[in-house]
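Novice: Before I ask anything, here is the structure I am working with.
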Amino acid sequence: MKAKIYITLKNGIHDPQGRAIQQSLQTLGFEGVQDVRMGKFLEVDLQEMKKDSAEKTINTMCQKLLANTVIEDFRYEIIEN
Amino acid sequence: MKAKIYITLKNGIHDPQGRAIQQSLQTLGFEGVQDVRMGKFLEVDLQEMKKDSAEKTINTMCQKLLANTVIEDFRYEIIEN
Amino acid sequence: MPSTTITPQLIQQHGLSEDEYQKILTHLGREPNLTELGVFSVMWSEHCSYKSSRVHLKRFPTEGPQVVQGPGENAGAVDIGDGFAAVFKMESHNHPSFIEPFQGAATGVGGILRDIFTMGARPIALLNSLRFGELDSPQNTHLLKGVVSGISWYGNCIGVPTIGGEITFNDIYSKNPLVNVFCLGIVKKDRLLRGLAKGVGNQVLYIGAKTGRDGIHGATMASDSFDDASEKKRPNVQVGDPFLEKLLLEACLEFLEQDLLVGIQDMGAAGLTSSSCEMASRSGTGIELDVGKVPRREHNMTPYEILLSESQERMLLVAQPGKEQAVLAVCQKWGIDAAVVGKVTDDGMLRIREGDQIVAEIPADAIAEGAPRYERPSAPPQYQEVLQALNLDALPDLTDGTDALLQLLASPTIASKRWVYQQYDYMVGTNTVVCPGSDAAVVRIKGTGKALAMTTDGNSRYCLLNPYMGGSLAVAEAARNLVCSGGKPLGVTDCLNFGNPERPDIMWQFIMAVEGIADACRSFEVPVVSGNVSLYNETNGLSIYPTPIIGMVGVIEREEDITTQWFKESGDTILLVGENKEDLGGTEFLKVMHSREQGMPPWLDLEQEKSIQACILTLIKKGWIQSAHDCSEGGLLVTLAECCLTHPSAPLGATITLSQERLRLDALLFGESPSRIVISVKTKDLDSVRACIQDMGGKVPMSLLGQVTATDQIDVTVQKDQGQPPCQMVWPVKDLADQWYNSLPSQLKMKDSP
Amino acid sequence: MGQSSHLIWHQETSVQGMDAILLPGGFSYGDYLRTGSIARFSPIMEAVIQFANQGGLVLGICNGFQILLETGLLPGAMLRNTELSFICKETYIRVENANTPFTKSCEVGKVLKLPIAHADGNYFTNPVDLSALQANAQIVFRYCDRDGIVTPSSNPNGSIDNIAGIQNAQGNVLGLMPHPERCAEPIFSNQDGRLIFESMLTSLIGQIPLPAK
Ligand SMILES: Nc1ncnc2c1ncn2[C@@H]1O[C@H](COP(=O)(O)OP(=O)(O)O)[C@@H](O)[C@H]1O
Ligand SMILES: [Mg+2]
């Protein structure tokens, strides 16, 4: 099975990369881009297990390693085959 | 309105970060993590427009700036308010 | 063997000519299968076989008492004393960097690092030499930014300092940017490793990254010119993994320490194929490999793909039976994949199996040494005379150089490259004694009291106008840069970037440039110990300017001899060693102020150049030189400005008096006569310096320029020929600094692009 | 500086016998995922955390600082530099607290010239933690100009409150982005970095080591 994990900077935290992208988009002539936030997107292939234990596993992975909860939020989806 | 953009490495392209994360998860005792692929996740705030022109705009942004189409694929969703 | 019929189309797709295919038939005594055709195709590509260049490269002097390893191995090596050798080489990654600038440049750095540590040397310095189109096009700024961040990422991450290089801009490179990377490492002289597959029965091991379908046919691509369609048929781009390479590096040095290997070779272009063929061919042995044992990243890879993959960060090793366990243990310690994939045989064959089945069988020598060699036709281009013709009388001379200096300092080719090197960790390892921003970079060799100076140089406009002279001038400038830093030149590596060798005019440029380099190297007694050739730098029929780049390494015997280019103290006397001549042809001044790239390049007098360099080294060793900076692009005024501006913390001013002596004013101020060095000395030492120079038998012209001042301006007075009023120019140092330091960043910001 | 040092392999699990621990710069694990995030779980780190909790001196430089943040020994996190790219250059930092084992040999207001070399040195922490850092004098170094004035333009990476280095509440763990070890020898004209190591030595053995020859 698979998990898709989305890691984003917490609200209110300045995002230098997002800002730079927004500016470049403006320079390139894309108008009306009000904000860009940049995050990470991870796809994890897991061995088969119960969905709720997969959720638990992924949650712990995010807490421990994948996200830095001082600055980041995470969200995930489990996809069963 | 908002667009969520997912940028991933093309199939077959080596993903050193994914590999390092996978190994680290293993060392941390998460068993059965068969593969990790690392990508980007962008949230773009757009001024209101028709959904199909938003789609076109986002597509062009990805082609031109956001994704490196030589090695990356992209996917997006438009979210209307 | 799975049989695919070898059709003429297939042969053509593999970039092989009809003649070459006939040669394959002779070597094999039968038709090749598809896998074998693939092997020949990459190994006989220009990139791997040097088929157009090899006969000419023989002209380079490659011997000398200091040479520990000449051309032919992964890198060359020179003796630097104390039992150490410096191992160095330069390589191009032009085509991949055009397709994907970040990864292309990054993997270029990865490749050159492997060339060095396969020799058992610990890499301690990286340099890079870059060519881009002008920065008014978003595509060019995009390429520049991508390449610089790719180099920065890989080098910084692996922890080898990038301490210097050069960049110039010209629209001729818009569709063919050049990315040449240089690496230097240090090894105990008697521990140098080589790419040998000696000892029948020895084990062949594969270590490093798993093999994927990356860059299959990268080598043939690098040997093909571009057209608009090639952007579409983008090959699989290789992605670098500097962290893995760091592990590989440490593992390889540990093999050396434990004396575990017979031979080692990195898998660069043409991957597993070229590494195994070259090792076997060098040793007169054969190699048998089982592709089934090669660690793979992707499913269902065919032997063809496994053999030709250019996945990065991989090495092939040969170890005696019994030592493979120790090798595997080291790999395990560093967490890298490793597998025994074959053995050394006595029959001279490269034999590839997949399990029990033989999928390819070729005499190793046929692929490596037996590659075609061409003496391609050459002839000077018809446009050569037009290029060289420059009627100075039709160009109005300057009456004042104030504005021209400001414009030249802002020309991206001359402007400070701080925007670039600030992205490189040029200090990691705490050995960099002279950071980027002086004539040559200097790293100390801990524990020896010595240091090494290194530089890369090349002026392609000179080479366009006169490739022989351009080649010689590049060598002279490199040597001069080392000498200005206190170094005695020891050896050269080169990277020869040219257009399509099937065109006689390009071949002529190539041959002339090689001769120019060879003659200069011979004259300076600095042998060429390694190098690289990149041909087919051509897009839509337009070739780049001939661009040979010289990388040169010198030794500084004592720390106190390390010299930098910036003025040190107000009150010091400024001298010019060398002569101002009317050398306006091919200058940056002509390009920037008159939009011309024309004329004969500056004339180089090798004997005078040598005397001047010897003189500077002597003065440095006597301890009399406060600063030394050679005159190159932009001429005398630019050099003086740089001497004032580049002090890392406290820029100084200067008061200068020049006399025009029948020269045009523009030639005096901005001409690019070689063999000129601006030095500053303590005024109390002036007499000794004079006397010492006179003792050199009058071969070294020297003139007084003026004084370093604590004011914040540069004053230049030009005494005109009789009767005319002098020309007076004044620049606030701050204005010059603004132009020079901010030119690149401001051009890059304004034209921001993907 | 005349002291013996010992490299500890990341797979080891004990730091016994050490007087101080230095986490150096570098790109541990390529800085993949986040700077310092993977190294934080190296087996040795348990022992380092314990050593720190028992009051041992721990100095984290650059990537070492980033690792200390990931372990939670120091509060906050690193964001990408505002200019996004890697920056290698000299900076000036002002000693804000001279009463620490790492700055004993300086005075408050002393300006040190130290190089930085990083892409992620934009220090961030939430307002509550920031106030605590300020209140407890845990901000040890701030980026400043040559004259010691803390200005926005002397901030090379966007770091909150111009922070270049912080210590923990107990004052035995310090993290800083600039590299003192790159300017601590006579061959480099600048030796400001020595002051930090001298301070550490003074607090450990109570005497100022002889200047280098
Ligand atoms: N691509 C680059 N990477 C690193 N340093 C560079 C690069 N380009 C230029 N530099 C540095 O900028 C300084 C000036 O370069 P350049 O004008 O080419 O010097 P020179 O004319 O003496 O050869 C040198 O110290 C050089 O190493
Ligand atoms: Mg120079």
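Residues in the structure tokens are named by chain (A, B, ... in the order shown) and by number from 1 within that chain; ligands are numbered from 1 in the order shown.
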Write out as a list of chain:residue names every residue belonging to chain A that has an atom at most 8 Å from any atom of chain D, counting only C-alpha atoms.
Specialist: A:Asp15, A:Pro16, A:Gln17, A:Leu65, A:Leu66, A:Asn68, A:Val70, A:Ile71
Novice: Could you give me, as a ChimeraX atom specification, the residues within 12 Å of Met61 of chain A, counting only C-alpha atoms and dropping anything in the same chain fewer than 5 positions from it?
Specialist: /A:3,5,42,44,54-56,66-69,74-76 /B:21-22,24-31,33
Novice: Based on DSSP run over this structure's backbone, return all residues of segment 507-672 of chain C in strand (DSSP E), as an MDAnalysis selection string.
Specialist: chainID C and resid 528:534 538:539 542:543 547:556 573:577 625:630 653:659
Novice: Go through A:Lys2, A:Gln23, A:His14, A:Gly32 and flag the residue nearest chain B, using only C-alpha atoms for the distances.
Specialist: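 With only C-alpha atoms as the atom set, the closest residue is A:Gly32.
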Novice: Can you work out which residues from chain C touch chain B at a cut-off of 12 Å (counting only C-alpha atoms) and hand them back as a VMD selection string?
Specialist: chain C and resid 96 to 104 138 to 139 142 146 209 to 215 231 to 245 296 to 301 310 to 313 335 to 336 752 to 754
Novice: What does the file look like for those residues with N, CA and C atoms, as a tab-separated table (two decimals), in the first residue's frame?
Specialist:
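That gives us part.tsv:
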```tsv
chain	number	residue	atom	x	y	z
C	96	PRO	N	25.05	17.95	-21.35
C	96	PRO	CA	24.05	17.71	-20.29
C	96	PRO	C	23.64	19.01	-19.59
C	97	SER	N	24.57	19.97	-19.49
C	97	SER	CA	24.24	21.20	-18.79
C	97	SER	C	23.30	22.09	-19.62
C	98	PHE	N	23.33	21.91	-20.90
C	98	PHE	CA	22.40	22.67	-21.73
C	98	PHE	C	21.00	22.10	-21.58
C	99	ILE	N	20.91	20.79	-21.51
C	99	ILE	CA	19.60	20.14	-21.39
C	99	ILE	C	19.00	20.35	-20.01
C	100	GLU	N	19.80	20.19	-18.97
C	100	GLU	CA	19.31	20.37	-17.61
C	100	GLU	C	20.44	21.00	-16.81
C	101	PRO	N	20.49	22.34	-16.76
C	101	PRO	CA	21.66	23.01	-16.22
C	101	PRO	C	22.03	22.59	-14.80
C	102	PHE	N	21.05	22.45	-13.93
C	102	PHE	CA	21.37	22.14	-12.54
C	102	PHE	C	21.99	20.75	-12.43
C	103	GLN	N	21.28	19.75	-12.88
C	103	GLN	CA	21.79	18.38	-12.75
C	103	GLN	C	22.97	18.14	-13.68
C	104	GLY	N	22.94	18.76	-14.84
C	104	GLY	CA	24.04	18.58	-15.79
C	104	GLY	C	25.35	19.04	-15.18
C	138	PRO	N	16.69	35.71	-21.25
C	138	PRO	CA	16.26	34.92	-20.09
C	138	PRO	C	16.79	33.49	-20.14
C	139	GLN	N	16.90	32.94	-21.33
C	139	GLN	CA	17.41	31.57	-21.42
C	139	GLN	C	18.84	31.49	-20.90
C	142	HIS	N	18.91	31.86	-17.17
C	142	HIS	CA	18.41	30.60	-16.62
C	142	HIS	C	19.53	29.55	-16.59
C	146	GLY	N	21.21	28.03	-13.21
C	146	GLY	CA	21.09	26.59	-13.00
C	146	GLY	C	22.46	25.94	-12.84
C	209	ALA	N	26.08	3.46	-6.48
C	209	ALA	CA	24.64	3.57	-6.74
C	209	ALA	C	24.15	2.40	-7.58
C	210	LYS	N	22.88	2.10	-7.43
C	210	LYS	CA	22.29	1.07	-8.27
C	210	LYS	C	22.14	1.61	-9.69
C	211	THR	N	22.13	0.69	-10.63
C	211	THR	CA	22.05	1.09	-12.03
C	211	THR	C	20.60	1.31	-12.45
C	212	GLY	N	20.37	2.44	-13.08
C	212	GLY	CA	19.05	2.71	-13.64
C	212	GLY	C	19.19	3.00	-15.13
C	213	ARG	N	18.11	3.49	-15.71
C	213	ARG	CA	18.19	3.74	-17.15
C	213	ARG	C	18.67	5.16	-17.43
C	214	ASP	N	19.47	5.72	-16.55
C	214	ASP	CA	19.88	7.11	-16.74
C	214	ASP	C	20.87	7.27	-17.88
C	215	GLY	N	20.62	8.29	-18.64
C	215	GLY	CA	21.62	8.77	-19.60
C	215	GLY	C	22.11	7.71	-20.56
C	231	GLU	N	16.13	19.12	-28.30
C	231	GLU	CA	15.50	19.49	-27.05
C	231	GLU	C	14.31	18.59	-26.78
C	232	LYS	N	13.69	18.13	-27.84
C	232	LYS	CA	12.53	17.26	-27.66
C	232	LYS	C	12.95	15.84	-27.33
C	233	LYS	N	13.97	15.32	-28.04
C	233	LYS	CA	14.33	13.94	-27.75
C	233	LYS	C	15.23	13.85	-26.53
C	234	ARG	N	14.89	14.68	-25.55
C	234	ARG	CA	15.65	14.72	-24.32
C	234	ARG	C	15.92	13.33	-23.78
C	235	PRO	N	17.14	13.02	-23.59
C	235	PRO	CA	17.44	11.70	-23.05
C	235	PRO	C	17.17	11.69	-21.56
C	236	ASN	N	17.25	10.53	-21.00
C	236	ASN	CA	17.10	10.39	-19.58
C	236	ASN	C	18.19	11.16	-18.87
C	237	VAL	N	17.82	12.15	-18.12
C	237	VAL	CA	18.82	12.98	-17.45
C	237	VAL	C	19.34	12.26	-16.21
C	238	GLN	N	20.62	12.40	-15.95
C	238	GLN	CA	21.18	11.79	-14.75
C	238	GLN	C	21.04	12.76	-13.58
C	239	VAL	N	20.73	12.19	-12.44
C	239	VAL	CA	20.56	13.00	-11.24
C	239	VAL	C	21.69	12.68	-10.29
C	240	GLY	N	22.33	13.71	-9.76
C	240	GLY	CA	23.47	13.48	-8.89
C	240	GLY	C	23.06	13.20	-7.45
C	241	ASP	N	23.94	12.50	-6.75
C	241	ASP	CA	23.70	12.19	-5.34
C	241	ASP	C	25.00	12.44	-4.58
C	242	PRO	N	25.26	13.70	-4.25
C	242	PRO	CA	26.55	14.03	-3.63
C	242	PRO	C	26.78	13.32	-2.30
C	243	PHE	N	25.73	13.03	-1.59
C	243	PHE	CA	25.93	12.33	-0.32
C	243	PHE	C	26.46	10.93	-0.56
C	244	LEU	N	25.86	10.24	-1.53
C	244	LEU	CA	26.35	8.91	-1.85
C	244	LEU	C	27.80	8.98	-2.33
C	245	GLU	N	28.10	10.01	-3.11
C	245	GLU	CA	29.47	10.14	-3.61
C	245	GLU	C	30.45	10.36	-2.46
C	296	ARG	N	20.53	-3.18	-9.41
C	296	ARG	CA	19.70	-2.38	-10.32
C	296	ARG	C	18.61	-1.63	-9.57
C	297	ARG	N	18.24	-0.50	-10.11
C	297	ARG	CA	17.21	0.33	-9.50
C	297	ARG	C	15.87	0.12	-10.17
C	298	GLU	N	15.93	-0.33	-11.43
C	298	GLU	CA	14.70	-0.45	-12.18
C	298	GLU	C	14.49	-1.88	-12.64
C	299	HIS	N	13.24	-2.18	-12.97
C	299	HIS	CA	12.91	-3.55	-13.35
C	299	HIS	C	13.15	-3.78	-14.84
C	300	ASN	N	13.31	-5.06	-15.17
C	300	ASN	CA	13.38	-5.49	-16.56
C	300	ASN	C	14.42	-4.76	-17.40
C	301	MET	N	15.55	-4.50	-16.81
C	301	MET	CA	16.58	-3.85	-17.62
C	301	MET	C	17.28	-4.90	-18.48
C	310	GLU	N	24.38	5.34	-17.70
C	310	GLU	CA	25.35	6.27	-17.13
C	310	GLU	C	24.90	6.74	-15.76
C	311	SER	N	24.27	5.88	-15.01
C	311	SER	CA	23.93	6.21	-13.63
C	311	SER	C	25.19	6.70	-12.94
C	312	GLN	N	25.03	7.69	-12.09
C	312	GLN	CA	26.17	8.31	-11.46
C	312	GLN	C	26.62	7.54	-10.22
C	313	GLU	N	27.75	7.96	-9.67
C	313	GLU	CA	28.24	7.47	-8.38
C	313	GLU	C	28.45	5.96	-8.34
C	335	GLY	N	27.82	2.01	4.08
C	335	GLY	CA	26.43	1.93	3.64
C	335	GLY	C	26.24	2.03	2.14
C	336	ILE	N	27.18	1.46	1.37
C	336	ILE	CA	26.96	1.50	-0.08
C	336	ILE	C	26.82	0.10	-0.65
C	752	ASP	N	15.10	38.41	-14.38
C	752	ASP	CA	14.76	37.18	-13.67
C	752	ASP	C	13.90	36.28	-14.54
C	753	SER	N	14.20	35.02	-14.46
C	753	SER	CA	13.50	34.07	-15.32
C	753	SER	C	13.51	32.73	-14.64
C	754	PRO	N	12.87	31.75	-15.22
C	754	PRO	CA	12.81	30.42	-14.59
C	754	PRO	C	14.15	29.90	-14.14
```
Novice: Using only C-alpha atoms and all ligand atoms, which residues have at least one atom no more than 7 Å from ligand 2? Output them as a list in words.
Specialist: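 Based on only C-alpha atoms and all ligand atoms, ligand 2 is surrounded within 7 Å by Asp439, Asn481, His629, Asp630, Cys631 and Ser632 of chain C.
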Novice: Would you output that residue set with N, CA, C and O atoms, as an mmCIF file, in the first residue's frame?
Specialist:
```cif
data_model
loop_
_atom_site.group_PDB
_atom_site.id
_atom_site.type_symbol
_atom_site.label_atom_id
_atom_site.label_comp_id
_atom_site.auth_asym_id
_atom_site.auth_seq_id
_atom_site.Cartn_x
_atom_site.Cartn_y
_atom_site.Cartn_z
ATOM 1 N N ASP C 439 44.405 36.261 -8.472
ATOM 2 C CA ASP C 439 44.767 35.659 -9.757
ATOM 3 C C ASP C 439 44.649 34.148 -9.770
ATOM 4 O O ASP C 439 44.187 33.554 -10.724
ATOM 5 N N ASN C 481 49.263 33.743 -13.854
ATOM 6 C CA ASN C 481 48.397 33.804 -12.677
ATOM 7 C C ASN C 481 48.997 33.037 -11.502
ATOM 8 O O ASN C 481 48.917 33.469 -10.353
ATOM 9 N N HIS C 629 49.508 41.412 -9.717
ATOM 10 C CA HIS C 629 48.282 41.118 -10.469
ATOM 11 C C HIS C 629 48.608 41.222 -11.944
ATOM 12 O O HIS C 629 49.177 42.213 -12.389
ATOM 13 N N ASP C 630 48.243 40.199 -12.706
ATOM 14 C CA ASP C 630 48.570 40.248 -14.129
ATOM 15 C C ASP C 630 47.510 41.037 -14.883
ATOM 16 O O ASP C 630 46.364 41.139 -14.470
ATOM 17 N N CYS C 631 47.916 41.608 -16.009
ATOM 18 C CA CYS C 631 46.980 42.313 -16.883
ATOM 19 C C CYS C 631 46.335 41.301 -17.799
ATOM 20 O O CYS C 631 47.036 40.589 -18.517
ATOM 21 N N SER C 632 45.028 41.221 -17.778
ATOM 22 C CA SER C 632 44.384 40.366 -18.777
ATOM 23 C C SER C 632 43.226 41.142 -19.387
ATOM 24 O O SER C 632 43.407 42.316 -19.726
#
```
Novice: Using only C-alpha atoms, which residues sit within 12 Å of Gln407 of chain C once same-chain residues fewer than 3 positions away are excluded, as an NGL selection string?
Specialist: :C and (401-404 or 410-415 or 588-594 or 634 or 637-638 or 670 or 735-736 or 738-740 or 743)
Novice: Excluding Asp73 of chain B and any residue of its chain fewer than 6 positions from it, enumerate the residues within 7 Å of it, using only C-alpha atoms, and give them as JSON, numbers by chain.
Specialist: {"B": [7, 8, 9, 10]}
Novice: As number ranges by chain, please: every protein or nucleic acid residue near ligand 1 (cut-off 8 Å, counting only C-alpha atoms and all ligand atoms).
Specialist: C: 127-130, 148, 162-168, 413-418, 420-421, 424, 435-441, 455-457, 477-478, 481, 629-633
Novice: If we count only C-alpha atoms, what is near segment 8-17 of chain C at a cut-off of 7 Å, once residues fewer than 3 positions away on the same chain are taken out, given as a list of chain:residue names?
Specialist: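 Contacts, with the query itself left out: C:Glu20, C:Tyr21, C:Gly38, C:Ser41.
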Novice: Could you save the residues just selected, with C-alpha atoms, as a PDB file, in the first residue's frame?
Specialist:
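The result, stored in out_20.pdb:
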```pdb
ATOM      1  CA  GLU C  20      33.202   1.970 -38.774  1.00  0.00           C
ATOM      2  CA  TYR C  21      30.676  -0.813 -39.049  1.00  0.00           C
ATOM      3  CA  GLY C  38      25.601  -0.588 -28.473  1.00  0.00           C
ATOM      4  CA  SER C  41      28.659   2.711 -30.523  1.00  0.00           C
TER       5      SER C  41
END
```
Novice: Per residue of chain D within 8 Å of chain C, which atom pair is closest and at what distance in Å (one decimal), using only C-alpha atoms, listed by chain and increasing number, as CSV?
Specialist:
```
residue,atom,partner,partner_atom,distance
D:Gly26,CA,C:Gly159,CA,6.7
D:Phe27,CA,C:Cys157,CA,5.3
D:Tyr29,CA,C:Phe243,CA,6.0
D:Gly30,CA,C:Phe243,CA,4.7
D:Asp31,CA,C:Cys157,CA,7.9
D:Ser85,CA,C:Gln423,CA,6.6
D:Phe86,CA,C:Gln423,CA,4.9
D:Ile87,CA,C:Gln423,CA,5.0
D:Cys88,CA,C:Gln422,CA,4.8
D:Lys89,CA,C:Gln422,CA,6.3
D:Ala117,CA,C:Asp425,CA,6.0
D:Glu181,CA,C:Thr430,CA,7.7
D:Arg182,CA,C:Thr430,CA,5.5
D:Ile187,CA,C:Val433,CA,7.3
D:Phe188,CA,C:Val433,CA,6.6
```
Novice: Please, which residues of chain D, numbered as in this document, come out alpha helix (DSSP H) from DSSP, as an MDAnalysis selection string?
Specialist: chainID D and resid 44:53 63:71 127:135 194:205
Novice: I need the residues from that last selection saved to file as a PDB file, in the first residue's frame (with C-alpha atoms), if you can.
Specialist:
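Everything below was put into again05.pdb:
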```
ATOM      1  CA  ILE D  44      25.591   8.595  18.834  1.00  0.00           C
ATOM      2  CA  MET D  45      23.059  11.373  19.267  1.00  0.00           C
ATOM      3  CA  GLU D  46      21.380   9.694  22.254  1.00  0.00           C
ATOM      4  CA  ALA D  47      24.673   9.918  24.091  1.00  0.00           C
ATOM      5  CA  VAL D  48      25.189  13.504  23.006  1.00  0.00           C
ATOM      6  CA  ILE D  49      21.748  14.468  24.277  1.00  0.00           C
ATOM      7  CA  GLN D  50      22.457  12.781  27.572  1.00  0.00           C
ATOM      8  CA  PHE D  51      25.836  14.477  27.835  1.00  0.00           C
ATOM      9  CA  ALA D  52      24.184  17.831  27.233  1.00  0.00           C
ATOM     10  CA  ASN D  53      21.438  17.171  29.734  1.00  0.00           C
ATOM     11  CA  ASN D  63      25.109  21.826  10.326  1.00  0.00           C
ATOM     12  CA  GLY D  64      25.921  20.985  13.935  1.00  0.00           C
ATOM     13  CA  PHE D  65      23.616  23.821  15.000  1.00  0.00           C
ATOM     14  CA  GLN D  66      20.935  22.515  12.660  1.00  0.00           C
ATOM     15  CA  ILE D  67      21.249  19.055  14.190  1.00  0.00           C
ATOM     16  CA  LEU D  68      20.938  20.524  17.704  1.00  0.00           C
ATOM     17  CA  LEU D  69      17.711  22.221  16.632  1.00  0.00           C
ATOM     18  CA  GLU D  70      16.354  18.937  15.301  1.00  0.00           C
ATOM     19  CA  THR D  71      17.133  17.189  18.584  1.00  0.00           C
ATOM     20  CA  PRO D 127       7.143  34.521  19.422  1.00  0.00           C
ATOM     21  CA  VAL D 128       6.902  32.834  22.810  1.00  0.00           C
ATOM     22  CA  ASP D 129      10.235  31.076  22.477  1.00  0.00           C
ATOM     23  CA  LEU D 130      11.795  34.174  21.004  1.00  0.00           C
ATOM     24  CA  SER D 131      10.772  36.244  24.035  1.00  0.00           C
ATOM     25  CA  ALA D 132      12.196  33.563  26.275  1.00  0.00           C
ATOM     26  CA  LEU D 133      15.478  33.597  24.352  1.00  0.00           C
ATOM     27  CA  GLN D 134      15.622  37.346  24.685  1.00  0.00           C
ATOM     28  CA  ALA D 135      14.633  37.384  28.326  1.00  0.00           C
ATOM     29  CA  ARG D 194      39.911  31.357  18.322  1.00  0.00           C
ATOM     30  CA  LEU D 195      38.102  33.389  20.942  1.00  0.00           C
ATOM     31  CA  ILE D 196      35.286  30.882  21.032  1.00  0.00           C
ATOM     32  CA  PHE D 197      37.571  27.898  21.487  1.00  0.00           C
ATOM     33  CA  GLU D 198      39.668  29.773  24.010  1.00  0.00           C
ATOM     34  CA  SER D 199      36.540  30.543  25.981  1.00  0.00           C
ATOM     35  CA  MET D 200      35.602  26.890  26.028  1.00  0.00           C
ATOM     36  CA  LEU D 201      39.042  25.905  27.195  1.00  0.00           C
ATOM     37  CA  THR D 202      39.023  28.536  29.887  1.00  0.00           C
ATOM     38  CA  SER D 203      35.746  27.304  31.229  1.00  0.00           C
ATOM     39  CA  LEU D 204      36.926  23.710  31.141  1.00  0.00           C
ATOM     40  CA  ILE D 205      40.424  24.028  32.543  1.00  0.00           C
TER      41      ILE D 205
END
```
Novice: Residues of chain B within 6 Å of chain A, counting only C-alpha atoms, what are they? List them as a list in words.
Specialist: Gly32, Val33, Gln34, Asp35, Val36, Arg37, Met38, Gly39, Lys40, Phe41, Leu42, Glu43, Val44, Asp45, Leu46 and Gln47 of chain B
Novice: Emit the selected residues as a short mmCIF file (atom, residue, chain, number, x, y, z; two decimals), in the first residue's frame, including N, CA and C atoms.
Specialist:
```cif
data_model
loop_
_atom_site.label_atom_id
_atom_site.label_comp_id
_atom_site.auth_asym_id
_atom_site.auth_seq_id
_atom_site.Cartn_x
_atom_site.Cartn_y
_atom_site.Cartn_z
N GLY B 32 9.32 -2.49 6.46
CA GLY B 32 8.42 -2.63 5.33
C GLY B 32 8.20 -1.34 4.55
N VAL B 33 9.08 -0.38 4.70
CA VAL B 33 9.00 0.78 3.82
C VAL B 33 9.77 0.43 2.57
N GLN B 34 9.02 0.19 1.48
CA GLN B 34 9.71 -0.33 0.31
C GLN B 34 10.31 0.75 -0.56
N ASP B 35 9.70 1.91 -0.54
CA ASP B 35 10.21 2.96 -1.41
C ASP B 35 9.70 4.30 -0.91
N VAL B 36 10.50 5.31 -1.07
CA VAL B 36 10.05 6.66 -0.76
C VAL B 36 10.43 7.54 -1.94
N ARG B 37 9.50 8.32 -2.40
CA ARG B 37 9.80 9.30 -3.46
C ARG B 37 9.45 10.67 -2.92
N MET B 38 10.34 11.59 -3.19
CA MET B 38 10.16 12.92 -2.62
C MET B 38 9.80 13.90 -3.73
N GLY B 39 8.78 14.67 -3.49
CA GLY B 39 8.37 15.66 -4.48
C GLY B 39 8.04 16.98 -3.83
N LYS B 40 7.44 17.85 -4.61
CA LYS B 40 7.09 19.17 -4.07
C LYS B 40 5.59 19.35 -4.08
N PHE B 41 5.14 20.18 -3.19
CA PHE B 41 3.72 20.45 -3.08
C PHE B 41 3.56 21.96 -2.98
N LEU B 42 2.87 22.53 -3.93
CA LEU B 42 2.73 23.99 -3.94
C LEU B 42 1.27 24.39 -3.81
N GLU B 43 1.03 25.41 -3.02
CA GLU B 43 -0.31 25.98 -2.97
C GLU B 43 -0.24 27.39 -3.53
N VAL B 44 -1.05 27.64 -4.53
CA VAL B 44 -1.02 28.95 -5.18
C VAL B 44 -2.37 29.63 -5.01
N ASP B 45 -2.36 30.83 -4.46
CA ASP B 45 -3.60 31.62 -4.36
C ASP B 45 -3.74 32.47 -5.60
N LEU B 46 -4.86 32.29 -6.27
CA LEU B 46 -5.09 33.02 -7.51
C LEU B 46 -6.26 33.97 -7.34
N GLN B 47 -6.25 35.03 -8.13
CA GLN B 47 -7.48 35.84 -8.14
C GLN B 47 -8.58 35.03 -8.82
#
```
Novice: Taking 3 positions as the minimum chain separation for residues in the same chain, which residues sit within 9 Å of Gln69 of chain C when counting only C-alpha atoms? Answer as a PDB file with C-alpha atoms, in the first residue's frame.
Specialist:
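Generated file (result-v2.pdb):
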```pdb
ATOM      1  CA  GLY C  72      45.997   7.930 -20.191  1.00  0.00           C
ATOM      2  CA  GLU C  73      44.768   7.356 -16.683  1.00  0.00           C
ATOM      3  CA  ALA C  75      43.778  11.835 -14.070  1.00  0.00           C
ATOM      4  CA  GLY C  76      47.360  13.046 -14.252  1.00  0.00           C
ATOM      5  CA  ALA C  77      49.706  13.549 -11.327  1.00  0.00           C
ATOM      6  CA  VAL C  78      52.766  15.650 -10.541  1.00  0.00           C
ATOM      7  CA  VAL C  87      46.387  14.583  -8.995  1.00  0.00           C
ATOM      8  CA  LEU C 192      48.695   6.159  -6.528  1.00  0.00           C
ATOM      9  CA  VAL C 529      49.338  15.402 -17.668  1.00  0.00           C
ATOM     10  CA  SER C 530      45.635  15.063 -18.330  1.00  0.00           C
TER      11      SER C 530
END
```
